file final.cif (mmCIF, C-alpha atoms and all ligand atoms)
data_data
loop_
_atom_site.group_PDB
_atom_site.id
_atom_site.type_symbol
_atom_site.label_atom_id
_atom_site.label_comp_id
_atom_site.auth_asym_id
_atom_site.auth_seq_id
_atom_site.Cartn_x
_atom_site.Cartn_y
_atom_site.Cartn_z
ATOM 1 C CA MET A 1 21.090 18.156 -3.946
ATOM 2 C CA ILE A 2 17.861 19.527 -2.629
ATOM 3 C CA SER A 3 19.289 22.895 -1.616
ATOM 4 C CA THR A 4 20.151 23.779 -5.210
ATOM 5 C CA MET A 5 17.030 22.331 -6.756
ATOM 6 C CA ASP A 6 15.158 24.914 -8.811
ATOM 7 C CA SER A 7 11.450 24.523 -8.064
ATOM 8 C CA THR A 8 10.305 27.302 -10.434
ATOM 9 C CA PRO A 9 9.585 24.921 -13.382
ATOM 10 C CA LEU A 10 7.482 22.824 -11.021
ATOM 11 C CA PHE A 11 5.420 25.861 -9.980
ATOM 12 C CA THR A 12 5.230 27.071 -13.579
ATOM 13 C CA ALA A 13 3.522 23.757 -14.346
ATOM 14 C CA ALA A 14 1.455 23.761 -11.131
ATOM 15 C CA LEU A 15 0.096 27.242 -11.935
ATOM 16 C CA GLY A 16 -0.707 26.142 -15.472
ATOM 17 C CA LEU A 17 1.520 28.820 -17.019
ATOM 18 C CA GLN A 18 2.455 28.520 -20.654
ATOM 19 C CA ASP A 19 5.037 30.117 -22.868
ATOM 20 C CA PRO A 20 5.971 33.029 -22.812
ATOM 21 C CA TRP A 21 5.030 33.091 -19.101
ATOM 22 C CA LYS A 22 6.929 31.239 -16.398
ATOM 23 C CA VAL A 23 7.623 31.462 -12.677
ATOM 24 C CA ASP A 24 10.857 33.388 -12.282
ATOM 25 C CA GLU A 25 11.176 33.485 -8.526
ATOM 26 C CA ILE A 26 9.389 32.212 -5.454
ATOM 27 C CA ARG A 27 9.436 34.255 -2.273
ATOM 28 C CA PHE A 28 8.202 32.435 0.756
ATOM 29 C CA GLU A 29 7.383 34.655 3.740
ATOM 30 C CA PRO A 30 6.301 32.336 6.565
ATOM 31 C CA GLU A 31 6.099 35.161 9.147
ATOM 32 C CA GLN A 32 3.500 36.926 6.994
ATOM 33 C CA GLY A 33 1.828 33.647 6.104
ATOM 34 C CA GLU A 34 2.348 34.435 2.406
ATOM 35 C CA ILE A 35 3.934 32.951 -0.675
ATOM 36 C CA HIS A 36 4.730 35.167 -3.660
ATOM 37 C CA PHE A 37 5.356 34.070 -7.224
ATOM 38 C CA ASP A 38 7.171 36.499 -9.490
ATOM 39 C CA LEU A 39 6.271 35.707 -13.053
ATOM 40 C CA ALA A 40 8.259 36.677 -16.095
ATOM 41 C CA CYS A 41 7.427 36.996 -19.747
ATOM 42 C CA ASP A 42 10.435 36.089 -21.846
ATOM 43 C CA ALA A 43 9.097 37.418 -25.122
ATOM 44 C CA LYS A 44 10.741 40.507 -26.592
ATOM 45 C CA ARG A 45 7.931 40.970 -29.095
ATOM 46 C CA LEU A 46 4.240 39.957 -28.904
ATOM 47 C CA GLY A 47 1.087 39.901 -31.016
ATOM 48 C CA CYS A 48 -1.239 42.936 -30.927
ATOM 49 C CA PRO A 49 -4.303 42.192 -28.693
ATOM 50 C CA VAL A 50 -6.456 44.547 -30.801
ATOM 51 C CA CYS A 51 -5.762 43.659 -34.444
ATOM 52 C CA ALA A 52 -3.868 40.396 -33.892
ATOM 53 C CA ALA A 53 -0.883 41.563 -35.951
ATOM 54 C CA GLY A 54 2.028 39.335 -34.912
ATOM 55 C CA ASP A 55 5.528 40.241 -33.805
ATOM 56 C CA GLN A 56 5.000 43.767 -32.448
ATOM 57 C CA SER A 57 7.314 45.636 -30.125
ATOM 58 C CA ILE A 58 6.715 45.895 -26.372
ATOM 59 C CA HIS A 59 6.107 49.504 -25.376
ATOM 60 C CA ASP A 60 6.460 49.154 -21.605
ATOM 61 C CA ARG A 61 5.604 46.886 -18.678
ATOM 62 C CA THR A 62 3.448 47.603 -15.619
ATOM 63 C CA GLN A 63 3.858 45.577 -12.449
ATOM 64 C CA ARG A 64 0.581 43.948 -11.369
ATOM 65 C CA THR A 65 -0.486 41.610 -8.561
ATOM 66 C CA TRP A 66 -3.222 38.962 -8.385
ATOM 67 C CA GLN A 67 -4.366 37.035 -5.368
ATOM 68 C CA HIS A 68 -4.442 33.301 -6.036
ATOM 69 C CA LEU A 69 -5.801 30.279 -4.157
ATOM 70 C CA HIS A 70 -4.162 29.696 -0.805
ATOM 71 C CA PHE A 71 -1.319 27.184 -0.739
ATOM 72 C CA PHE A 72 -2.429 25.369 2.396
ATOM 73 C CA GLN A 73 -2.544 28.065 5.103
ATOM 74 C CA PHE A 74 -0.475 30.529 3.050
ATOM 75 C CA LYS A 75 -1.948 33.361 1.055
ATOM 76 C CA ALA A 76 -0.597 33.201 -2.468
ATOM 77 C CA PHE A 77 0.074 36.096 -4.821
ATOM 78 C CA LEU A 78 1.205 36.267 -8.427
ATOM 79 C CA HIS A 79 3.214 39.293 -9.542
ATOM 80 C CA ALA A 80 3.976 40.044 -13.154
ATOM 81 C CA PRO A 81 5.154 42.924 -15.308
ATOM 82 C CA LEU A 82 2.282 43.215 -17.781
ATOM 83 C CA PRO A 83 3.544 44.224 -21.210
ATOM 84 C CA ARG A 84 1.852 46.817 -23.378
ATOM 85 C CA VAL A 85 2.258 46.177 -27.073
ATOM 86 C CA LYS A 86 2.852 49.048 -29.487
ATOM 87 C CA CYS A 87 1.345 47.982 -32.765
ATOM 88 C CA ALA A 88 2.782 49.273 -36.028
ATOM 89 C CA GLN A 89 -0.253 48.018 -37.942
ATOM 90 C CA CYS A 90 -3.188 49.584 -36.015
ATOM 91 C CA GLY A 91 -1.128 52.210 -34.182
ATOM 92 C CA LYS A 92 -2.573 51.336 -30.744
ATOM 93 C CA VAL A 93 -0.738 50.720 -27.480
ATOM 94 C CA THR A 94 -2.571 47.914 -25.663
ATOM 95 C CA GLN A 95 -2.006 45.875 -22.545
ATOM 96 C CA VAL A 96 -1.866 42.142 -23.216
ATOM 97 C CA GLU A 97 -4.394 39.866 -21.566
ATOM 98 C CA VAL A 98 -3.037 37.145 -19.328
ATOM 99 C CA PRO A 99 -4.347 33.587 -19.251
ATOM 100 C CA TRP A 100 -4.638 33.406 -15.459
ATOM 101 C CA ALA A 101 -6.955 36.387 -14.840
ATOM 102 C CA ARG A 102 -9.696 38.421 -16.459
ATOM 103 C CA PRO A 103 -8.721 41.975 -17.431
ATOM 104 C CA GLY A 104 -8.809 44.429 -14.544
ATOM 105 C CA SER A 105 -9.228 41.760 -11.874
ATOM 106 C CA GLY A 106 -7.034 41.437 -8.801
ATOM 107 C CA PHE A 107 -7.914 37.743 -8.467
ATOM 108 C CA THR A 108 -6.732 34.893 -10.632
ATOM 109 C CA LEU A 109 -9.423 32.936 -12.514
ATOM 110 C CA LEU A 110 -9.033 29.995 -10.130
ATOM 111 C CA MET A 111 -9.551 32.381 -7.231
ATOM 112 C CA ASP A 112 -12.671 33.773 -8.971
ATOM 113 C CA ALA A 113 -13.940 30.223 -9.439
ATOM 114 C CA LEU A 114 -13.440 29.356 -5.778
ATOM 115 C CA VAL A 115 -15.096 32.606 -4.641
ATOM 116 C CA LEU A 116 -18.127 31.892 -6.834
ATOM 117 C CA THR A 117 -18.382 28.333 -5.568
ATOM 118 C CA LEU A 118 -18.147 29.399 -1.940
ATOM 119 C CA ALA A 119 -20.631 32.235 -2.508
ATOM 120 C CA THR A 120 -23.370 29.719 -3.235
ATOM 121 C CA LYS A 121 -23.058 28.421 0.351
ATOM 122 C CA LEU A 122 -21.397 31.086 2.474
ATOM 123 C CA PRO A 123 -22.082 34.751 3.228
ATOM 124 C CA VAL A 124 -19.765 37.172 1.449
ATOM 125 C CA SER A 125 -18.431 38.402 4.802
ATOM 126 C CA ALA A 126 -17.231 34.871 5.635
ATOM 127 C CA ILE A 127 -15.492 34.498 2.271
ATOM 128 C CA ALA A 128 -13.838 37.907 2.640
ATOM 129 C CA GLN A 129 -12.564 36.888 6.055
ATOM 130 C CA MET A 130 -11.302 33.540 4.741
ATOM 131 C CA PHE A 131 -9.125 35.229 2.100
ATOM 132 C CA GLY A 132 -8.242 38.331 4.122
ATOM 133 C CA VAL A 133 -9.741 40.746 1.590
ATOM 134 C CA SER A 134 -12.537 43.311 1.721
ATOM 135 C CA GLU A 135 -16.142 42.247 1.118
ATOM 136 C CA ASN A 136 -16.162 44.755 -1.702
ATOM 137 C CA ARG A 137 -13.560 42.768 -3.657
ATOM 138 C CA ILE A 138 -15.579 39.573 -3.232
ATOM 139 C CA TRP A 139 -18.702 41.379 -4.452
ATOM 140 C CA GLN A 140 -16.826 42.743 -7.480
ATOM 141 C CA ALA A 141 -15.782 39.232 -8.508
ATOM 142 C CA ILE A 142 -19.323 37.893 -8.036
ATOM 143 C CA ASP A 143 -20.936 40.829 -9.874
ATOM 144 C CA VAL A 144 -18.725 40.455 -12.953
ATOM 145 C CA HIS A 145 -19.527 36.770 -13.346
ATOM 146 C CA VAL A 146 -23.224 37.126 -12.530
ATOM 147 C CA GLU A 147 -23.541 39.922 -15.076
ATOM 148 C CA SER A 148 -21.780 37.910 -17.801
ATOM 149 C CA ALA A 149 -24.010 34.903 -17.022
ATOM 150 C CA ARG A 150 -27.054 37.178 -17.363
ATOM 151 C CA GLN A 151 -25.790 38.475 -20.695
ATOM 152 C CA ALA A 152 -25.438 34.905 -21.926
ATOM 153 C CA THR A 153 -28.932 33.901 -20.793
ATOM 154 C CA THR A 154 -31.665 33.763 -23.395
ATOM 155 C CA TYR A 155 -35.367 33.660 -22.639
ATOM 156 C CA SER A 156 -36.510 32.603 -26.101
ATOM 157 C CA GLU A 157 -37.737 29.259 -24.734
ATOM 158 C CA VAL A 158 -40.009 30.856 -22.134
ATOM 159 C CA ARG A 159 -43.655 30.082 -22.875
ATOM 160 C CA ALA A 160 -45.302 31.083 -19.621
ATOM 161 C CA LEU A 161 -44.612 33.727 -17.065
ATOM 162 C CA GLY A 162 -45.927 34.087 -13.527
ATOM 163 C CA VAL A 163 -46.506 37.484 -12.022
ATOM 164 C CA ASP A 164 -46.594 38.122 -8.317
ATOM 165 C CA GLU A 165 -49.208 40.757 -7.627
ATOM 166 C CA LYS A 166 -47.340 41.798 -4.502
ATOM 167 C CA TYR A 167 -44.655 43.176 -6.811
ATOM 168 C CA VAL A 168 -47.210 44.672 -9.161
ATOM 169 C CA GLY A 169 -48.396 46.594 -6.126
ATOM 170 C CA ARG A 170 -44.924 48.102 -5.835
ATOM 171 C CA ARG A 171 -45.411 49.814 -9.186
ATOM 172 C CA LEU A 172 -42.857 47.763 -11.051
ATOM 173 C CA GLY A 173 -44.788 48.019 -14.273
ATOM 174 C CA TYR A 174 -45.645 44.382 -15.002
ATOM 175 C CA LEU A 175 -49.355 45.038 -14.768
ATOM 176 C CA SER A 176 -49.373 47.576 -17.593
ATOM 177 C CA ILE A 177 -47.775 45.068 -19.994
ATOM 178 C CA PHE A 178 -50.556 42.565 -19.371
ATOM 179 C CA THR A 179 -53.246 45.219 -19.436
ATOM 180 C CA ASP A 180 -51.979 46.442 -22.807
ATOM 181 C CA GLN A 181 -52.210 42.896 -24.146
ATOM 182 C CA ARG A 182 -55.758 42.444 -22.803
ATOM 183 C CA CYS A 183 -56.812 45.757 -24.390
ATOM 184 C CA TYR A 184 -55.252 44.613 -27.672
ATOM 185 C CA ILE A 185 -57.289 41.388 -27.603
ATOM 186 C CA ALA A 186 -60.449 43.292 -26.690
ATOM 187 C CA SER A 187 -60.024 45.758 -29.549
ATOM 188 C CA ALA A 188 -59.599 42.852 -31.997
ATOM 189 C CA TYR A 189 -62.800 41.195 -30.700
ATOM 190 C CA ARG A 190 -64.721 44.461 -30.790
ATOM 191 C CA ALA A 191 -63.676 45.227 -34.364
ATOM 192 C CA SER A 192 -64.061 41.742 -35.821
ATOM 193 C CA ILE A 193 -66.770 39.796 -33.976
ATOM 194 C CA VAL A 194 -69.779 40.375 -36.199
ATOM 195 C CA ASN A 195 -72.461 37.802 -35.530
ATOM 196 C CA PRO A 196 -76.065 38.974 -35.066
ATOM 197 C CA LEU A 197 -76.556 36.217 -32.474
ATOM 198 C CA VAL A 198 -73.727 37.549 -30.309
ATOM 199 C CA ARG A 199 -74.151 40.963 -28.725
ATOM 200 C CA GLN A 200 -71.162 43.052 -27.711
ATOM 201 C CA LEU A 201 -71.320 45.292 -24.681
ATOM 202 C CA ALA A 202 -71.074 49.070 -25.128
ATOM 203 C CA SER A 203 -67.529 50.436 -25.473
ATOM 204 C CA PRO A 204 -66.118 52.254 -22.482
ATOM 205 C CA GLU A 205 -66.280 56.020 -22.943
ATOM 206 C CA GLU A 206 -62.506 56.225 -22.749
ATOM 207 C CA ALA A 207 -60.466 53.418 -24.276
ATOM 208 C CA ALA A 208 -57.951 53.545 -21.441
ATOM 209 C CA ALA A 209 -60.664 53.317 -18.786
ATOM 210 C CA HIS A 210 -61.108 49.552 -19.044
ATOM 211 C CA VAL A 211 -58.532 46.831 -18.386
ATOM 212 C CA TYR A 212 -60.580 43.889 -19.778
ATOM 213 C CA HIS A 213 -60.065 41.525 -16.916
ATOM 214 C CA LEU A 214 -62.948 39.760 -18.714
ATOM 215 C CA TYR A 215 -64.256 40.152 -22.246
ATOM 216 C CA VAL A 216 -67.983 39.593 -21.913
ATOM 217 C CA VAL A 217 -70.551 39.183 -24.689
ATOM 218 C CA THR A 218 -74.192 38.201 -24.390
ATOM 219 C CA CYS A 219 -76.169 35.686 -26.396
ATOM 220 C CA SER A 220 -79.775 34.627 -25.993
ATOM 221 C CA GLN A 221 -78.638 31.072 -26.862
ATOM 222 C CA ARG A 222 -75.809 31.156 -24.381
ATOM 223 C CA GLU A 223 -75.701 27.462 -23.494
ATOM 224 C CA ARG A 224 -75.608 26.489 -27.159
ATOM 225 C CA LEU A 225 -72.836 29.038 -27.832
ATOM 226 C CA GLN A 226 -70.899 27.785 -24.844
ATOM 227 C CA ASP A 227 -71.113 24.140 -25.975
ATOM 228 C CA TYR A 228 -70.243 25.111 -29.536
ATOM 229 C CA LEU A 229 -67.115 27.059 -28.545
ATOM 230 C CA GLN A 230 -65.945 24.384 -26.135
ATOM 231 C CA SER A 231 -66.351 21.770 -28.876
ATOM 232 C CA HIS A 232 -63.874 23.920 -30.852
ATOM 233 C CA CYS A 233 -61.437 23.877 -27.917
ATOM 234 C CA ILE A 234 -62.241 27.456 -26.880
ATOM 235 C CA GLN A 235 -62.752 27.707 -23.163
ATOM 236 C CA VAL A 236 -65.493 30.108 -22.120
ATOM 237 C CA LEU A 237 -66.840 30.819 -18.674
ATOM 238 C CA ILE A 238 -69.936 32.328 -17.146
ATOM 239 C CA HIS A 239 -68.921 34.895 -14.605
ATOM 240 C CA TYR A 240 -71.647 36.197 -12.295
ATOM 241 C CA PRO A 241 -74.592 34.061 -13.427
ATOM 242 C CA ILE A 242 -76.650 35.559 -10.587
ATOM 243 C CA PRO A 243 -77.215 39.338 -10.713
ATOM 244 C CA VAL A 244 -76.123 41.229 -7.616
ATOM 245 C CA HIS A 245 -79.654 42.085 -6.464
ATOM 246 C CA ALA A 246 -80.582 38.376 -6.482
ATOM 247 C CA GLN A 247 -77.630 37.280 -4.356
ATOM 248 C CA ALA A 248 -78.300 36.323 -0.752
ATOM 249 C CA PRO A 249 -76.888 39.410 1.063
ATOM 250 C CA CYS A 250 -78.963 41.734 -1.186
ATOM 251 C CA ARG A 251 -82.327 39.980 -1.221
ATOM 252 C CA SER A 252 -83.714 42.054 1.619
ATOM 253 C CA LEU A 253 -82.778 45.362 -0.042
ATOM 254 C CA GLN A 254 -85.482 47.573 -1.425
ATOM 255 C CA ARG A 255 -85.681 47.382 -5.203
ATOM 256 C CA ASP A 256 -87.574 48.624 -8.197
ATOM 257 C CA PRO A 257 -91.056 47.058 -7.940
ATOM 258 C CA ASN A 258 -90.926 46.497 -11.708
ATOM 259 C CA GLY A 259 -87.852 44.283 -11.336
ATOM 260 C CA LEU A 260 -84.354 44.679 -12.738
ATOM 261 C CA ASN A 261 -85.033 43.133 -16.073
ATOM 262 C CA ILE A 262 -81.852 44.210 -17.860
ATOM 263 C CA SER A 263 -79.615 42.880 -15.070
ATOM 264 C CA GLU A 264 -81.540 39.618 -15.015
ATOM 265 C CA ARG A 265 -81.376 39.249 -18.786
ATOM 266 C CA ASP A 266 -77.633 40.001 -18.905
ATOM 267 C CA ALA A 267 -76.922 37.520 -16.105
ATOM 268 C CA SER A 268 -78.748 34.830 -18.033
ATOM 269 C CA GLU A 269 -77.005 35.632 -21.341
ATOM 270 C CA CYS A 270 -73.453 36.702 -20.426
ATOM 271 C CA LEU A 271 -70.454 34.706 -21.525
ATOM 272 C CA SER A 272 -66.743 35.512 -21.052
ATOM 273 C CA LEU A 273 -64.545 34.911 -24.102
ATOM 274 C CA PRO A 274 -60.858 34.033 -23.641
ATOM 275 C CA CYS A 275 -58.902 37.216 -22.890
ATOM 276 C CA ASN A 276 -55.606 36.421 -21.308
ATOM 277 C CA PRO A 277 -52.261 38.022 -22.078
ATOM 278 C CA GLN A 278 -50.637 34.783 -23.241
ATOM 279 C CA MET A 279 -52.897 34.536 -26.291
ATOM 280 C CA THR A 280 -51.178 34.709 -29.654
ATOM 281 C CA ASP A 281 -52.539 36.474 -32.738
ATOM 282 C CA ASP A 282 -53.512 33.033 -34.083
ATOM 283 C CA ASP A 283 -55.450 32.288 -30.887
ATOM 284 C CA ILE A 284 -57.301 35.598 -31.145
ATOM 285 C CA ALA A 285 -58.108 35.021 -34.839
ATOM 286 C CA LYS A 286 -59.428 31.538 -34.062
ATOM 287 C CA VAL A 287 -61.836 32.853 -31.411
ATOM 288 C CA ILE A 288 -63.111 35.575 -33.751
ATOM 289 C CA GLU A 289 -63.589 33.193 -36.670
ATOM 290 C CA THR A 290 -65.299 30.540 -34.563
ATOM 291 C CA VAL A 291 -67.692 33.001 -32.899
ATOM 292 C CA ASN A 292 -68.558 34.478 -36.304
ATOM 293 C CA LEU A 293 -69.432 30.999 -37.629
ATOM 294 C CA PHE A 294 -71.924 30.303 -34.811
ATOM 295 C CA LYS A 295 -75.362 29.755 -36.365
ATOM 296 C CA ALA A 296 -78.911 29.439 -35.180
ATOM 297 C CA PRO A 297 -80.155 25.827 -35.092
HETATM 298 ZN ZN ZN B 301 -2.749 46.227 -33.771
#
call {"tool": "encode", "arguments": {"input": "final.cif", "output": "structure tokens", "more": "lines below"}}
Ligand SMILES: [Zn+2]
result
Amino acid sequence: MISTMDSTPLFTAALGLQDPWKVDEIRFEPEQGEIHFDLACDAKRLGCPVCAAGDQSIHDRTQRTWQHLHFFQFKAFLHAPLPRVKCAQCGKVTQVEVPWARPGSGFTLLMDALVLTLATKLPVSAIAQMFGVSENRIWQAIDVHVESARQATTYSEVRALGVDEKYVGRRLGYLSIFTDQRCYIASAYRASIVNPLVRQLASPEEAAAHVYHLYVVTCSQRERLQDYLQSHCIQVLIHYPIPVHAQAPCRSLQRDPNGLNISERDASECLSLPCNPQMTDDDIAKVIETVNLFKAP
């Protein structure tokens, strides 16, 4: 007879509950548009959640409620008296964790999963409205899972990083990391490049006054040095091959009648060595060693 049929085992299975948990009673409230499942835990004694000692006494039970996935148009809630275990072994009184929800959450795990799935496509306000809860509760569920996903993310495989200078401009500190690395490369070059054919520029008066956007040396055999380094897979570039006073907008300016010999010489001899923040210590050592081995013909 249908009227006496007990549907609680069916819902126990449908909710995925396992021993010692089961559905004890179902309260259907069609006027409120709600269905309530009262769960029960049959066990008289449980394992300690802290030290895993088995067969400990139950200290007390606290009634808790979780919102679950809707059953069709009906809001669904689970209610359960959560036991706290008093452990004779470690002496602690601890609330047991339940398999259908994360600790401290008012949503079941399935509800969390649906919220997260919907949140990839819908605004939080729409999801909150759909489930009849505050936006704050939706955000709490999203934040917990986003944070745990972040904790589980590793960046050890990252080999390159892009930096948006718009954000650098907002003083977020990325620039200083890269500047520090450029200064580190420059100090290694300055200390270790010792080749009479390759001239280093004067040091800045204050070490912190220069960011080494380029690391420039000069060499009277620049084209030979350039070809030599490139044949060893070291990319070098000539920045500013034309001195400022010889560039088109400046040609009409008054200048020293004796010429600007130092500027002209530097422009014809300057060469920029690799100096980018992605370089490894091995890369830096290779540049130093290769430059030092450059010989006159
Ligand atoms: Zn214990």
call {"tool": "closest_atom_pairs", "arguments": {"input": "final.cif", "of": "chain A", "to": "ligand ZN 301 (chain B)", "cutoff": "10 Å", "atoms": "all atoms listed in the file", "output": "CSV"}}
result
residue,atom,partner,partner_atom,distance
A:Gly47,CA,B:ZN301,ZN,7.9
A:Cys48,CA,B:ZN301,ZN,4.6
A:Pro49,CA,B:ZN301,ZN,6.7
A:Val50,CA,B:ZN301,ZN,5.0
A:Cys51,CA,B:ZN301,ZN,4.0
A:Ala52,CA,B:ZN301,ZN,5.9
A:Ala53,CA,B:ZN301,ZN,5.5
A:Gly54,CA,B:ZN301,ZN,8.5
A:Gln56,CA,B:ZN301,ZN,8.2
A:Val85,CA,B:ZN301,ZN,8.4
A:Lys86,CA,B:ZN301,ZN,7.6
A:Cys87,CA,B:ZN301,ZN,4.6
A:Ala88,CA,B:ZN301,ZN,6.7
A:Gln89,CA,B:ZN301,ZN,5.2
A:Cys90,CA,B:ZN301,ZN,4.1
A:Gly91,CA,B:ZN301,ZN,6.2
A:Lys92,CA,B:ZN301,ZN,5.9
A:Val93,CA,B:ZN301,ZN,8.0
A:Thr94,CA,B:ZN301,ZN,8.3
call {"tool": "atom_distance", "arguments": {"input": "final.cif", "atom1": "atom CA of Glu223 of chain A", "atom2": "atom CA of Leu293 of chain A"}}
result
15.9 Å
call {"tool": "resolve_selection", "arguments": {"input": "final.cif", "expression": "the PyMOL selection byres (((chain A and resi 277) around 9) and not hetatm)", "output": "PyMOL selection string"}}
result
chain A and resi 177-182+185+275-276+278-280
call {"tool": "residues_around", "arguments": {"input": "final.cif", "residues": "Phe37 of chain A", "least_positions_apart": "6", "cutoff": "9 Å", "atoms": "all atoms listed in the file", "output": "tab-separated table (two decimals) with C-alpha atoms, in the frame of the given file"}}
result
chain	number	residue	atom	x	y	z
A	8	THR	CA	10.30	27.30	-10.43
A	11	PHE	CA	5.42	25.86	-9.98
A	23	VAL	CA	7.62	31.46	-12.68
A	24	ASP	CA	10.86	33.39	-12.28
A	25	GLU	CA	11.18	33.48	-8.53
A	26	ILE	CA	9.39	32.21	-5.45
A	27	ARG	CA	9.44	34.26	-2.27
A	28	PHE	CA	8.20	32.44	0.76
A	76	ALA	CA	-0.60	33.20	-2.47
A	77	PHE	CA	0.07	36.10	-4.82
A	78	LEU	CA	1.20	36.27	-8.43
A	79	HIS	CA	3.21	39.29	-9.54
A	80	ALA	CA	3.98	40.04	-13.15
call {"tool": "closest_residue", "arguments": {"input": "final.cif", "among": "A:Ala43, A:Ala267, A:Ala141, A:Leu161", "to": "Met111 of chain A", "atoms": "only C-alpha atoms"}}
result
A:Ala141
call {"tool": "atom_distance", "arguments": {"input": "final.cif", "atom1": "atom CA of Arg199 of chain A", "atom2": "atom CA of Lys286 of chain A"}}
result
18.3 Å
call {"tool": "closest_residue", "arguments": {"input": "final.cif", "among": "A:Leu15, A:Ile127, A:Leu116, A:Ile234", "to": "Leu39 of chain A", "atoms": "only C-alpha atoms"}}
result
A:Leu15
call {"tool": "closest_residue", "arguments": {"input": "final.cif", "among": "A:Thr290, A:Ser252, A:Asp283, A:His239", "to": "Cys270 of chain A", "atoms": "all atoms listed in the file"}}
result
A:His239
call {"tool": "closest_residue", "arguments": {"input": "final.cif", "among": "A:Tyr155, A:Trp139, A:Trp66, A:Tyr240", "to": "Pro81 of chain A", "atoms": "only C-alpha atoms"}}
result
A:Trp66
call {"tool": "atom_distance", "arguments": {"input": "final.cif", "atom1": "atom CA of Asp60 of chain A", "atom2": "atom CA of Pro83 of chain A"}}
result
5.7 Å
call {"tool": "closest_residue", "arguments": {"input": "final.cif", "among": "A:Ser187, A:Gln18, A:Gln151, A:Thr62", "to": "Val211 of chain A", "atoms": "only C-alpha atoms"}}
result
A:Ser187
